[in-house]
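J.: Structure: query05.cif, mmCIF, C-alpha atoms.
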```cif
data_target
#
loop_
_atom_site.label_atom_id
_atom_site.label_comp_id
_atom_site.auth_asym_id
_atom_site.auth_seq_id
_atom_site.Cartn_x
_atom_site.Cartn_y
_atom_site.Cartn_z
CA MET A 1 -3.50 -29.89 -21.44
CA GLU A 2 -2.88 -33.12 -19.51
CA PHE A 3 0.60 -34.21 -18.48
CA PRO A 4 1.82 -37.84 -18.55
CA GLU A 5 1.29 -39.77 -15.33
CA TYR A 6 3.51 -42.80 -15.85
CA LYS A 7 6.50 -41.10 -14.21
CA LYS A 8 6.92 -39.62 -10.76
CA ASN A 9 7.11 -35.90 -11.29
CA ILE A 10 9.52 -33.63 -9.42
CA VAL A 11 7.90 -30.27 -10.08
CA VAL A 12 9.61 -26.91 -9.62
CA LEU A 13 7.35 -23.88 -9.74
CA GLY A 14 9.20 -20.74 -10.81
CA GLY A 15 12.21 -20.13 -13.03
CA GLY A 16 13.97 -17.46 -10.99
CA PHE A 17 17.25 -17.82 -9.10
CA GLY A 18 15.96 -20.45 -6.68
CA GLY A 19 13.77 -22.43 -9.06
CA LEU A 20 16.36 -22.67 -11.83
CA GLN A 21 19.11 -23.81 -9.47
CA ALA A 22 16.86 -26.47 -7.91
CA ALA A 23 15.70 -27.78 -11.30
CA LEU A 24 19.21 -27.99 -12.75
CA ARG A 25 20.56 -29.88 -9.74
CA LEU A 26 17.64 -32.29 -9.65
CA GLY A 27 17.82 -32.90 -13.39
CA LYS A 28 21.54 -33.58 -13.17
CA PHE A 29 21.03 -36.15 -10.41
CA ILE A 30 18.19 -37.98 -12.19
CA ARG A 31 20.23 -38.15 -15.38
CA ARG A 32 23.43 -39.38 -13.72
CA ALA A 33 21.59 -41.86 -11.50
CA GLY A 34 19.89 -43.40 -14.54
CA LEU A 35 16.44 -42.74 -13.12
CA GLY A 36 15.05 -40.92 -16.15
CA GLY A 37 12.64 -43.76 -16.81
CA LYS A 38 11.03 -43.41 -13.39
CA TYR A 39 11.30 -39.71 -12.58
CA SER A 40 10.67 -36.54 -14.54
CA VAL A 41 11.89 -33.09 -13.48
CA VAL A 42 9.50 -30.38 -14.65
CA LEU A 43 10.04 -26.62 -14.35
CA VAL A 44 6.91 -24.46 -14.69
CA ASP A 45 6.97 -20.70 -15.20
CA LYS A 46 4.54 -18.24 -16.76
CA HIS A 47 7.44 -16.35 -18.33
CA PRO A 48 9.65 -17.84 -21.07
CA ARG A 49 12.84 -16.17 -19.82
CA HIS A 50 15.05 -16.20 -16.75
CA ILE A 51 15.85 -12.59 -15.78
CA PHE A 52 19.21 -11.69 -14.25
CA THR A 53 17.77 -8.94 -12.07
CA PRO A 54 21.13 -7.61 -10.70
CA LEU A 55 21.77 -6.06 -14.12
CA LEU A 56 18.37 -4.41 -14.60
CA TYR A 57 19.69 -1.12 -13.26
CA GLU A 58 22.28 -1.19 -16.07
CA VAL A 59 19.54 -1.72 -18.66
CA ALA A 60 17.63 1.25 -17.22
CA THR A 61 20.67 3.52 -17.47
CA THR A 62 22.73 2.36 -20.45
CA SER A 63 23.59 5.18 -22.82
CA GLU A 64 23.13 4.72 -26.56
CA ALA A 65 26.67 6.06 -26.93
CA SER A 66 27.88 2.79 -25.39
CA LEU A 67 26.51 0.84 -28.39
CA PRO A 68 28.14 0.44 -31.80
CA ALA A 69 27.00 3.23 -34.13
CA GLY A 70 24.90 0.95 -36.34
CA LYS A 71 22.98 -0.56 -33.41
CA ARG A 72 21.84 2.47 -31.45
CA ASN A 73 18.30 2.29 -32.80
CA THR A 74 17.86 -1.26 -31.52
CA ILE A 75 19.06 -0.83 -27.95
CA ALA A 76 16.33 -3.07 -26.50
CA HIS A 77 17.36 -5.94 -28.78
CA GLU A 78 21.01 -5.42 -27.85
CA LEU A 79 20.37 -5.36 -24.11
CA GLU A 80 17.81 -8.16 -23.84
CA PRO A 81 20.21 -11.10 -24.45
CA LEU A 82 22.48 -9.75 -21.71
CA VAL A 83 19.89 -10.04 -18.93
CA ALA A 84 17.05 -12.27 -20.23
CA TYR A 85 17.81 -15.90 -21.08
CA PRO A 86 15.20 -18.28 -22.60
CA LEU A 87 14.48 -21.01 -20.05
CA LYS A 88 14.00 -23.61 -22.77
CA GLU A 89 17.57 -22.99 -23.96
CA LEU A 90 19.02 -22.98 -20.44
CA LEU A 91 17.42 -26.38 -19.78
CA GLU A 92 18.62 -28.04 -22.98
CA SER A 93 20.45 -31.31 -22.23
CA SER A 94 19.75 -30.85 -18.51
CA GLY A 95 17.13 -33.58 -18.19
CA VAL A 96 14.56 -30.95 -17.15
CA GLU A 97 11.31 -30.35 -19.02
CA PHE A 98 10.10 -26.77 -19.28
CA HIS A 99 6.41 -25.89 -19.36
CA LEU A 100 5.35 -22.32 -20.11
CA ASP A 101 2.29 -22.15 -17.90
CA GLU A 102 0.76 -20.36 -14.94
CA VAL A 103 0.04 -21.94 -11.56
CA ARG A 104 -3.55 -21.30 -10.52
CA ARG A 105 -3.94 -23.50 -7.44
CA LEU A 106 -2.13 -26.14 -5.40
CA ASP A 107 -3.92 -29.16 -3.95
CA ILE A 108 -1.36 -30.34 -1.41
CA LEU A 109 -3.57 -33.16 -0.12
CA GLU A 110 -3.89 -34.76 -3.56
CA GLY A 111 -0.42 -33.74 -4.74
CA VAL A 112 -1.66 -31.80 -7.77
CA ALA A 113 -0.65 -28.43 -9.20
CA HIS A 114 -3.52 -26.91 -11.14
CA LEU A 115 -2.18 -24.88 -14.06
CA LYS A 116 -3.83 -22.58 -16.55
CA THR A 117 -3.76 -25.29 -19.24
CA GLY A 118 -4.26 -28.41 -17.15
CA LYS A 119 -3.05 -30.19 -14.04
CA LEU A 120 0.25 -31.69 -13.04
CA ASP A 121 0.67 -34.43 -10.43
CA TYR A 122 3.82 -34.34 -8.36
CA GLU A 123 5.75 -36.65 -6.09
CA TYR A 124 7.99 -33.82 -4.93
CA LEU A 125 7.30 -30.11 -5.21
CA VAL A 126 9.58 -27.07 -4.95
CA ILE A 127 7.74 -23.75 -4.63
CA ALA A 128 10.01 -20.98 -5.94
CA LEU A 129 7.48 -18.51 -7.33
CA GLY A 130 9.34 -15.44 -6.11
CA SER A 131 7.82 -12.10 -5.25
CA GLU A 132 5.99 -9.17 -6.75
CA THR A 133 6.09 -5.42 -6.18
CA ASN A 134 4.39 -4.35 -2.97
CA TYR A 135 2.62 -0.98 -3.15
CA PHE A 136 1.36 -1.21 0.46
CA ASP A 137 -2.02 0.22 -0.62
CA ILE A 138 -0.44 3.70 -0.73
CA PRO A 139 -2.77 5.98 -2.72
CA GLY A 140 -1.39 6.80 -6.17
CA LEU A 141 1.72 4.66 -5.79
CA ALA A 142 0.83 1.94 -8.30
CA ALA A 143 -0.38 4.54 -10.81
CA HIS A 144 2.65 6.83 -10.64
CA GLY A 145 5.51 4.66 -9.36
CA LEU A 146 7.66 2.82 -11.92
CA PRO A 147 8.76 -0.62 -10.57
CA LEU A 148 11.98 -2.46 -11.48
CA LYS A 149 11.30 -6.20 -11.45
CA THR A 150 11.39 -7.14 -15.14
CA PHE A 151 13.28 -6.32 -18.34
CA GLU A 152 10.23 -4.40 -19.53
CA ASP A 153 10.27 -2.35 -16.30
CA ALA A 154 13.91 -1.42 -16.94
CA LEU A 155 13.11 -0.32 -20.49
CA ALA A 156 10.17 1.75 -19.26
CA ILE A 157 12.43 3.61 -16.81
CA ARG A 158 15.05 4.13 -19.50
CA GLU A 159 12.48 5.50 -21.94
CA ARG A 160 11.24 7.97 -19.32
CA LEU A 161 14.77 9.10 -18.56
CA ASP A 162 16.34 9.04 -22.00
CA PRO A 163 14.56 11.95 -23.73
CA ARG A 164 15.39 14.19 -20.76
CA VAL A 165 19.09 13.36 -20.40
CA GLY A 166 20.31 15.16 -23.49
CA GLU A 167 17.96 18.16 -23.36
CA ASN A 168 19.90 20.13 -20.78
CA LYS A 169 16.80 22.31 -20.38
CA GLY A 170 15.77 22.96 -16.82
CA LEU A 171 15.86 20.37 -14.07
CA THR A 172 14.45 16.86 -14.16
CA ARG A 173 13.58 15.59 -10.68
CA VAL A 174 13.93 11.84 -10.21
CA VAL A 175 12.70 10.43 -6.91
CA ILE A 176 13.36 6.82 -5.88
CA GLY A 177 11.27 5.31 -3.11
CA GLY A 178 13.18 2.64 -1.20
CA ALA A 179 16.91 2.55 -0.46
CA GLY A 180 17.61 -1.14 -0.60
CA SER A 181 20.23 -2.39 -3.06
CA THR A 182 18.05 -1.69 -6.13
CA GLY A 183 17.25 1.87 -5.08
CA VAL A 184 20.86 2.66 -4.23
CA GLU A 185 22.15 1.16 -7.49
CA LEU A 186 19.67 3.18 -9.52
CA ALA A 187 20.31 6.44 -7.67
CA GLY A 188 24.06 6.27 -8.22
CA GLU A 189 23.85 5.10 -11.81
CA ILE A 190 21.27 7.68 -12.89
CA ARG A 191 23.53 10.47 -11.65
CA GLU A 192 26.53 8.94 -13.43
CA TRP A 193 24.61 8.31 -16.64
CA SER A 194 22.88 11.65 -16.85
CA CYS A 195 25.79 13.99 -16.14
CA ALA A 196 28.31 14.95 -18.78
CA ARG A 197 31.04 15.02 -16.12
CA PRO A 198 30.96 13.27 -12.76
CA TYR A 199 29.67 15.43 -9.92
CA THR A 200 29.09 18.46 -12.16
CA LYS A 201 26.86 21.09 -10.58
CA THR A 202 25.20 21.78 -13.94
CA CYS A 203 23.77 18.26 -14.38
CA ASN A 204 20.08 18.62 -15.24
CA ILE A 205 19.02 15.45 -13.38
CA HIS A 206 18.39 15.75 -9.65
CA VAL A 207 18.03 12.43 -7.77
CA THR A 208 16.35 12.01 -4.40
CA LEU A 209 16.32 8.75 -2.44
CA VAL A 210 13.55 8.24 0.15
CA GLU A 211 13.90 5.48 2.77
CA SER A 212 11.55 4.65 5.66
CA GLY A 213 14.29 2.99 7.73
CA HIS A 214 17.05 4.55 9.79
CA ASN A 215 19.69 3.92 7.11
CA ILE A 216 20.01 3.03 3.46
CA LEU A 217 20.73 -0.66 2.77
CA GLY A 218 19.12 -1.44 6.11
CA ALA A 219 19.76 -5.21 6.09
CA MET A 220 23.47 -4.84 5.35
CA ASP A 221 26.65 -4.29 7.35
CA ALA A 222 26.98 -0.80 8.89
CA ARG A 223 30.31 -0.31 7.10
CA VAL A 224 28.64 -0.98 3.75
CA GLN A 225 25.89 1.49 4.64
CA ALA A 226 28.45 4.18 5.52
CA LYS A 227 30.53 3.76 2.35
CA ALA A 228 27.46 3.69 0.11
CA THR A 229 26.05 6.80 1.83
CA ALA A 230 29.33 8.67 1.35
CA ARG A 231 29.44 7.68 -2.31
CA LEU A 232 25.86 8.83 -2.95
CA LYS A 233 26.54 12.16 -1.28
CA LYS A 234 29.62 12.60 -3.44
CA LEU A 235 27.40 12.00 -6.46
CA ARG A 236 25.04 14.69 -5.08
CA VAL A 237 22.13 12.31 -4.45
CA GLN A 238 19.77 13.75 -1.86
CA ILE A 239 18.91 11.18 0.82
CA PHE A 240 15.86 11.18 3.12
CA THR A 241 15.77 8.51 5.83
CA GLU A 242 13.02 7.74 8.36
CA GLU A 243 10.53 9.17 5.87
CA ARG A 244 7.55 7.14 4.71
CA VAL A 245 5.65 7.78 1.48
CA VAL A 246 1.93 8.14 2.22
CA ARG A 247 0.57 9.41 -1.11
CA VAL A 248 1.80 9.94 -4.64
CA ASP A 249 0.32 12.43 -7.08
CA THR A 250 1.21 13.15 -10.69
CA ARG A 251 3.93 15.63 -9.73
CA GLU A 252 4.21 15.39 -5.96
CA ILE A 253 5.10 12.85 -3.28
CA HIS A 254 3.63 13.27 0.19
CA LEU A 255 5.66 12.03 3.17
CA LYS A 256 4.42 11.04 6.62
CA SER A 257 6.32 13.98 8.16
CA GLY A 258 4.15 16.35 6.12
CA GLU A 259 6.91 17.26 3.69
CA HIS A 260 6.23 17.22 -0.05
CA ILE A 261 8.75 16.34 -2.79
CA LEU A 262 8.21 17.37 -6.40
CA HIS A 263 9.00 14.76 -9.05
CA ASP A 264 9.08 14.33 -12.81
CA ILE A 265 9.89 10.63 -12.59
CA PHE A 266 9.11 8.44 -9.59
CA ILE A 267 10.65 4.96 -9.31
CA TRP A 268 9.38 2.57 -6.63
CA THR A 269 11.82 0.00 -5.20
CA GLY A 270 10.48 0.18 -1.67
CA GLY A 271 9.01 -3.26 -1.17
CA VAL A 272 8.05 -6.68 -2.45
CA ARG A 273 5.70 -9.38 -1.23
CA ALA A 274 5.18 -13.06 -1.86
CA VAL A 275 2.90 -13.97 -4.76
CA PRO A 276 -0.81 -14.30 -3.83
CA LEU A 277 -0.76 -18.09 -4.24
CA THR A 278 0.70 -18.42 -0.73
CA GLU A 279 -2.49 -16.99 0.76
CA GLU A 280 -4.36 -20.16 -0.19
CA LEU A 281 -1.88 -22.58 1.37
CA PRO A 282 -2.54 -23.97 4.88
CA MET A 283 0.90 -22.91 6.11
CA LYS A 284 2.18 -20.30 8.54
CA ARG A 285 3.14 -17.03 6.84
CA GLU A 286 4.86 -13.84 7.96
CA GLY A 287 3.52 -10.34 7.38
CA LYS A 288 4.53 -10.07 3.71
CA GLY A 289 3.02 -13.42 2.79
CA ARG A 290 6.18 -15.53 2.79
CA ILE A 291 5.98 -19.09 4.09
CA GLU A 292 7.79 -19.26 7.42
CA ILE A 293 10.59 -21.79 7.77
CA THR A 294 12.42 -22.24 11.05
CA SER A 295 16.16 -21.78 11.35
CA GLY A 296 16.73 -22.30 15.02
CA MET A 297 13.62 -20.55 16.39
CA GLU A 298 11.40 -22.90 18.39
CA CYS A 299 8.25 -20.84 17.76
CA LEU A 300 8.18 -21.82 14.08
CA PRO A 301 6.91 -25.34 13.40
CA ILE A 302 8.29 -25.95 9.90
CA GLY A 303 11.48 -27.95 9.31
CA GLU A 304 14.79 -26.26 8.60
CA ASP A 305 15.42 -28.64 5.70
CA LEU A 306 13.09 -26.20 3.81
CA ARG A 307 10.22 -28.70 3.86
CA VAL A 308 6.89 -26.98 4.43
CA ALA A 309 4.59 -30.01 4.21
CA GLY A 310 5.08 -33.62 3.17
CA ASN A 311 7.35 -33.60 0.09
CA ILE A 312 6.85 -29.87 -0.52
CA TYR A 313 9.75 -27.42 -0.23
CA ALA A 314 9.81 -23.63 -0.40
CA VAL A 315 12.82 -21.57 -1.50
CA GLY A 316 13.69 -18.02 -2.50
CA ASP A 317 11.51 -14.96 -2.00
CA ILE A 318 8.44 -17.04 -1.20
CA ALA A 319 10.16 -18.60 1.84
CA CYS A 320 10.87 -16.63 5.00
CA LEU A 321 13.81 -17.92 7.03
CA TYR A 322 14.86 -16.34 10.29
CA ASP A 323 18.44 -15.87 11.43
CA PRO A 324 18.64 -17.59 14.84
CA GLU A 325 20.99 -14.88 16.19
CA THR A 326 19.48 -11.65 14.88
CA LYS A 327 15.89 -12.98 14.65
CA GLN A 328 15.68 -11.13 11.32
CA PRO A 329 14.16 -12.72 8.20
CA SER A 330 16.39 -13.56 5.26
CA PRO A 331 16.65 -10.76 2.69
CA TRP A 332 14.92 -10.81 -0.68
CA MET A 333 18.14 -11.44 -2.61
CA ALA A 334 19.46 -13.87 -5.20
CA ARG A 335 22.18 -15.51 -3.10
CA PRO A 336 19.91 -16.81 -0.29
CA ALA A 337 17.46 -18.09 -2.93
CA MET A 338 20.19 -20.04 -4.70
CA MET A 339 21.60 -21.49 -1.48
CA GLY A 340 18.14 -22.49 -0.30
CA ALA A 341 17.43 -24.14 -3.65
CA ARG A 342 20.58 -26.22 -3.43
CA CYS A 343 19.62 -27.32 0.09
CA ALA A 344 16.09 -28.30 -0.98
CA ALA A 345 17.42 -30.18 -4.02
CA LYS A 346 19.87 -32.13 -1.84
CA ASN A 347 17.07 -33.18 0.51
CA ILE A 348 14.84 -34.34 -2.34
CA ILE A 349 17.78 -36.28 -3.79
CA GLU A 350 18.37 -37.95 -0.42
CA ARG A 351 14.72 -39.05 -0.25
CA ILE A 352 14.82 -40.42 -3.80
CA LYS A 353 18.06 -42.30 -3.12
CA PHE A 354 16.46 -43.91 -0.07
CA ALA A 355 13.24 -44.74 -1.93
CA GLU A 356 15.21 -46.34 -4.78
CA GLY A 357 17.49 -48.34 -2.51
CA ILE A 358 20.59 -46.34 -3.44
CA SER A 359 21.18 -45.43 0.20
CA ARG A 360 20.09 -47.02 3.46
CA ALA A 361 19.20 -43.84 5.30
CA ILE A 362 18.03 -40.33 4.56
CA LYS A 363 20.64 -37.69 5.29
CA THR A 364 19.00 -34.38 6.13
CA HIS A 365 20.63 -31.18 4.92
CA THR A 366 19.70 -28.15 7.02
CA TYR A 367 19.71 -24.57 5.84
CA ARG A 368 21.11 -21.77 7.93
CA VAL A 369 21.00 -18.11 6.98
CA PRO A 370 24.66 -17.71 5.98
CA ASP A 371 27.06 -14.78 6.10
CA TYR A 372 27.22 -14.69 2.32
CA PRO A 373 29.19 -12.11 0.30
CA TYR A 374 27.29 -9.32 -1.39
CA ILE A 375 28.09 -6.37 -3.65
CA VAL A 376 26.30 -3.07 -4.17
CA PRO A 377 27.34 -1.00 -7.23
CA VAL A 378 26.98 2.72 -6.50
CA GLY A 379 27.43 4.59 -9.78
CA GLY A 380 30.02 3.99 -12.50
CA LYS A 381 32.98 1.69 -11.88
CA TYR A 382 32.46 1.85 -8.14
CA ALA A 383 30.92 -0.70 -5.79
CA VAL A 384 30.91 -1.69 -2.13
CA ALA A 385 31.39 -5.37 -1.32
CA LYS A 386 31.34 -7.41 1.87
CA ILE A 387 33.35 -10.63 1.70
CA GLY A 388 33.40 -12.49 4.98
CA PRO A 389 34.55 -9.99 7.65
CA PHE A 390 36.04 -7.63 5.05
CA VAL A 391 34.47 -4.66 3.30
CA ILE A 392 36.07 -3.29 0.14
CA SER A 393 34.97 -0.42 -2.06
CA GLY A 394 35.82 1.34 -5.28
CA PHE A 395 37.06 -0.10 -8.56
CA LEU A 396 38.29 -3.36 -6.99
CA ALA A 397 34.80 -4.13 -5.66
CA TRP A 398 33.36 -3.32 -9.11
CA VAL A 399 35.75 -5.85 -10.68
CA PHE A 400 34.71 -8.42 -8.07
CA LYS A 401 31.09 -7.79 -9.09
CA GLY A 402 31.97 -8.84 -12.65
CA ILE A 403 33.63 -12.03 -11.42
CA VAL A 404 30.56 -12.94 -9.35
CA GLU A 405 28.33 -12.40 -12.39
CA LEU A 406 30.50 -14.67 -14.54
CA ASN A 407 30.43 -17.34 -11.83
CA TYR A 408 26.63 -17.24 -11.86
CA PHE A 409 26.43 -17.56 -15.63
CA LEU A 410 28.72 -20.59 -15.44
CA SER A 411 26.26 -22.22 -13.01
CA ILE A 412 23.33 -22.04 -15.46
CA MET A 413 24.96 -22.16 -18.93
CA PRO A 414 27.63 -24.10 -20.81
CA TRP A 415 30.99 -22.39 -20.24
CA TRP A 416 31.28 -21.12 -23.81
CA ARG A 417 27.86 -19.48 -23.72
CA ALA A 418 28.38 -18.09 -20.22
CA LEU A 419 31.65 -16.49 -21.29
CA SER A 420 30.03 -15.05 -24.42
CA VAL A 421 27.11 -13.48 -22.50
CA TRP A 422 29.41 -12.13 -19.82
CA LEU A 423 31.92 -10.64 -22.27
CA ARG A 424 29.23 -8.93 -24.32
CA GLY A 425 27.74 -7.37 -21.21
CA PHE A 426 31.13 -6.47 -19.76
CA LEU A 427 32.29 -4.73 -22.95
CA LEU A 428 29.03 -2.77 -23.19
CA PHE A 429 28.68 -1.77 -19.56
CA ILE A 430 32.37 -0.90 -19.15
CA LYS A 431 31.81 1.82 -21.76
CA ASN A 432 28.69 3.01 -19.98
CA ASP A 433 30.19 3.02 -16.47
CA ARG A 434 32.63 5.83 -15.79
CA MET A 435 35.53 5.60 -13.39
CA GLY A 436 34.84 7.60 -10.28
#
```
What would you get if you wrote out this structure as structure tokens?
T.:
Amino acid sequence: MEFPEYKKNIVVLGGGFGGLQAALRLGKFIRRAGLGGKYSVVLVDKHPRHIFTPLLYEVATTSEASLPAGKRNTIAHELEPLVAYPLKELLESSGVEFHLDEVRRLDILEGVAHLKTGKLDYEYLVIALGSETNYFDIPGLAAHGLPLKTFEDALAIRERLDPRVGENKGLTRVVIGGAGSTGVELAGEIREWSCARPYTKTCNIHVTLVESGHNILGAMDARVQAKATARLKKLRVQIFTEERVVRVDTREIHLKSGEHILHDIFIWTGGVRAVPLTEELPMKREGKGRIEITSGMECLPIGEDLRVAGNIYAVGDIACLYDPETKQPSPWMARPAMMGARCAAKNIIERIKFAEGISRAIKTHTYRVPDYPYIVPVGGKYAVAKIGPFVISGFLAWVFKGIVELNYFLSIMPWWRALSVWLRGFLLFIKNDRMG
């Protein structure tokens, strides 16, 4: 498949949080500036849907009792529209073309993206291909560890859990490797979902959380860590810290300390890495394959406007930005990806405005790792949130989580559709999540 060459293409690779935000902003500018005859914004992704990953833990733990009686046999069809949104529909009337295709290779000298079905020339390129599950070459981990990156992953976890929840026969041992936000969310929600009454000693699901770092939620504020830890202990989640998984068998997990943990279900949320495409690019990368972008550190040569070479920008999980104060890389989360995408889009817009004579100079927008708000739900209608210098927890933080979700939907959908998706999810999950 060959793409038209009479326009200058602004190509965005990846339809995740960063890629979608960049494409929508660029499309909006091209449309409003009347440059549609000269420029084309193209979003390329190998998946047809944009996945709202913060709600995948809800998909994995939603009880059939939360659904209307006539729809309990079609739970996958009921849950899918709440977390998976067709990219073609999201980009309607946005001025952005969507191509369902897979990137095979980038020729940055010629300005060509080689796709599975053809090639695509670009004038500007935004790389937002995200990340994939990292199994760290641990023996048995890929074979026995269930990941949680896609809607299908969430359904697979739910299907493994669901037959066991109602049996009340013996003990089902669920072990979660990795205590970042995903691991913590799952641990709390599985306990809430699987127990007839909160904190009951007779619940037949035992949950263990294994973390290699000193604390759970290692990249977050110490107050958030403490509140989340206290909540998990109240839910009777067993927590191991400073323990590294070294081998996984069918029924047993081996830790570096020599201890063994029996499991019936093992869920792996302990790491991600940049997609393999970055390995072929002549750019500096950090240990997990992300393209390094400077943010106040002189040792990194790449510009803090998120440009990695020429007119190529990198955003989201594929880009590694360092905090100039802590020297720590930016976390693999949605908010930094979205903020980076907006910064990259602004810089491309500035260059187009200069090239088209709309402005006399290029204004450079720099990206700094911000102190952004974040929320971690920890079982039922309970969450821990950091907003600026403040940390709140409990039901109020859970409500704030819903407001943040609605705000995101409004940024990618018409208001009427955003409100519809949000309300449907809210009404379903509010039944599933218990107060606690």
J.: Report as an MDAnalysis selection string the residues that result from applying the PyMOL selection byres ((chain A and resi 252) around 9) to the structure here.
T.: chainID A and resid 247:251 253:254 260:264
J.: Can you spit out the residues from that selection as a compact mmCIF listing (two decimals), keeping the file's coordinate frame, using C-alpha atoms?
T.:
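The result, written out as part24.txt:
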```txt
# COMPACT_ATOMS: atom_id res chain seq x y z
CA ARG A 247 0.57 9.41 -1.11
CA VAL A 248 1.80 9.94 -4.64
CA ASP A 249 0.32 12.43 -7.08
CA THR A 250 1.21 13.15 -10.69
CA ARG A 251 3.93 15.63 -9.73
CA ILE A 253 5.10 12.85 -3.28
CA HIS A 254 3.63 13.27 0.19
CA HIS A 260 6.23 17.22 -0.05
CA ILE A 261 8.75 16.34 -2.79
CA LEU A 262 8.21 17.37 -6.40
CA HIS A 263 9.00 14.76 -9.05
CA ASP A 264 9.08 14.33 -12.81
```
J.: Identify which of the residues A:Phe400, A:Phe98, A:Tyr57, A:Phe395 lies closest to Gly27 (chain A), counting all atoms listed in the file when measuring atom-to-atom distances.
T.: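 Distance minimum relative to Gly27 (chain A) lands on A:Phe98.
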J.: Could you spell out the hits of the PyMOL selection byres ((chain A and resi 383-391) around 12) on the shown file, as a PyMOL selection string?
T.: chain A and resi 181+184-185+188-189+217+220-232+370-382+392-402+404+433+435-436
J.: Interatomic distance between CA of Phe354 (chain A) and CA of Ala319 (chain A)?
T.: 26.2 Å
J.: Quick one, how far is CA of His206 (chain A) from CA of Asp153 (chain A)?
T.: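 Distance reported for this atom pair: 20.9 Å.
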J.: Measuring between all atoms listed in the file, which one of A:Leu55, A:Leu120, A:Cys203, A:Ala154 shows the shortest distance to Val12 (chain A)?
T.: A:Leu120
J.: As a check of understanding, name the residues that the PyMOL selection byres ((chain A and resi 107) around 12) selects in the supplied structure, as a PDB file with C-alpha atoms, keeping the file's coordinate frame.
T.:
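Just written: out_35.pdb:
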```pdb
ATOM      1  CA  VAL A 103       0.040 -21.940 -11.560  1.00  0.00           C
ATOM      2  CA  ARG A 104      -3.550 -21.300 -10.520  1.00  0.00           C
ATOM      3  CA  ARG A 105      -3.940 -23.500  -7.440  1.00  0.00           C
ATOM      4  CA  LEU A 106      -2.130 -26.140  -5.400  1.00  0.00           C
ATOM      5  CA  ILE A 108      -1.360 -30.340  -1.410  1.00  0.00           C
ATOM      6  CA  LEU A 109      -3.570 -33.160  -0.120  1.00  0.00           C
ATOM      7  CA  GLU A 110      -3.890 -34.760  -3.560  1.00  0.00           C
ATOM      8  CA  GLY A 111      -0.420 -33.740  -4.740  1.00  0.00           C
ATOM      9  CA  VAL A 112      -1.660 -31.800  -7.770  1.00  0.00           C
ATOM     10  CA  ALA A 113      -0.650 -28.430  -9.200  1.00  0.00           C
ATOM     11  CA  HIS A 114      -3.520 -26.910 -11.140  1.00  0.00           C
ATOM     12  CA  LEU A 115      -2.180 -24.880 -14.060  1.00  0.00           C
ATOM     13  CA  LYS A 119      -3.050 -30.190 -14.040  1.00  0.00           C
ATOM     14  CA  LEU A 120       0.250 -31.690 -13.040  1.00  0.00           C
ATOM     15  CA  ASP A 121       0.670 -34.430 -10.430  1.00  0.00           C
ATOM     16  CA  TYR A 122       3.820 -34.340  -8.360  1.00  0.00           C
ATOM     17  CA  LEU A 125       7.300 -30.110  -5.210  1.00  0.00           C
ATOM     18  CA  LEU A 277      -0.760 -18.090  -4.240  1.00  0.00           C
ATOM     19  CA  GLU A 280      -4.360 -20.160  -0.190  1.00  0.00           C
ATOM     20  CA  LEU A 281      -1.880 -22.580   1.370  1.00  0.00           C
ATOM     21  CA  PRO A 282      -2.540 -23.970   4.880  1.00  0.00           C
ATOM     22  CA  ALA A 309       4.590 -30.010   4.210  1.00  0.00           C
ATOM     23  CA  ILE A 312       6.850 -29.870  -0.520  1.00  0.00           C
TER      24      ILE A 312
END
```
J.: Rounded to one decimal place, report the CA of Gly118 (chain A)-CA of Lys46 (chain A) distance in Å.
T.: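 Here the two named atoms are 13.5 Å from each other.
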J.: Residues near Tyr124 (chain A), anyone? I mean within 8 Å using all atoms listed in the file, not counting same-chain ones fewer than 3 positions away, as a PyMOL selection string.
T.: chain A and resi 9-11+311-312+348
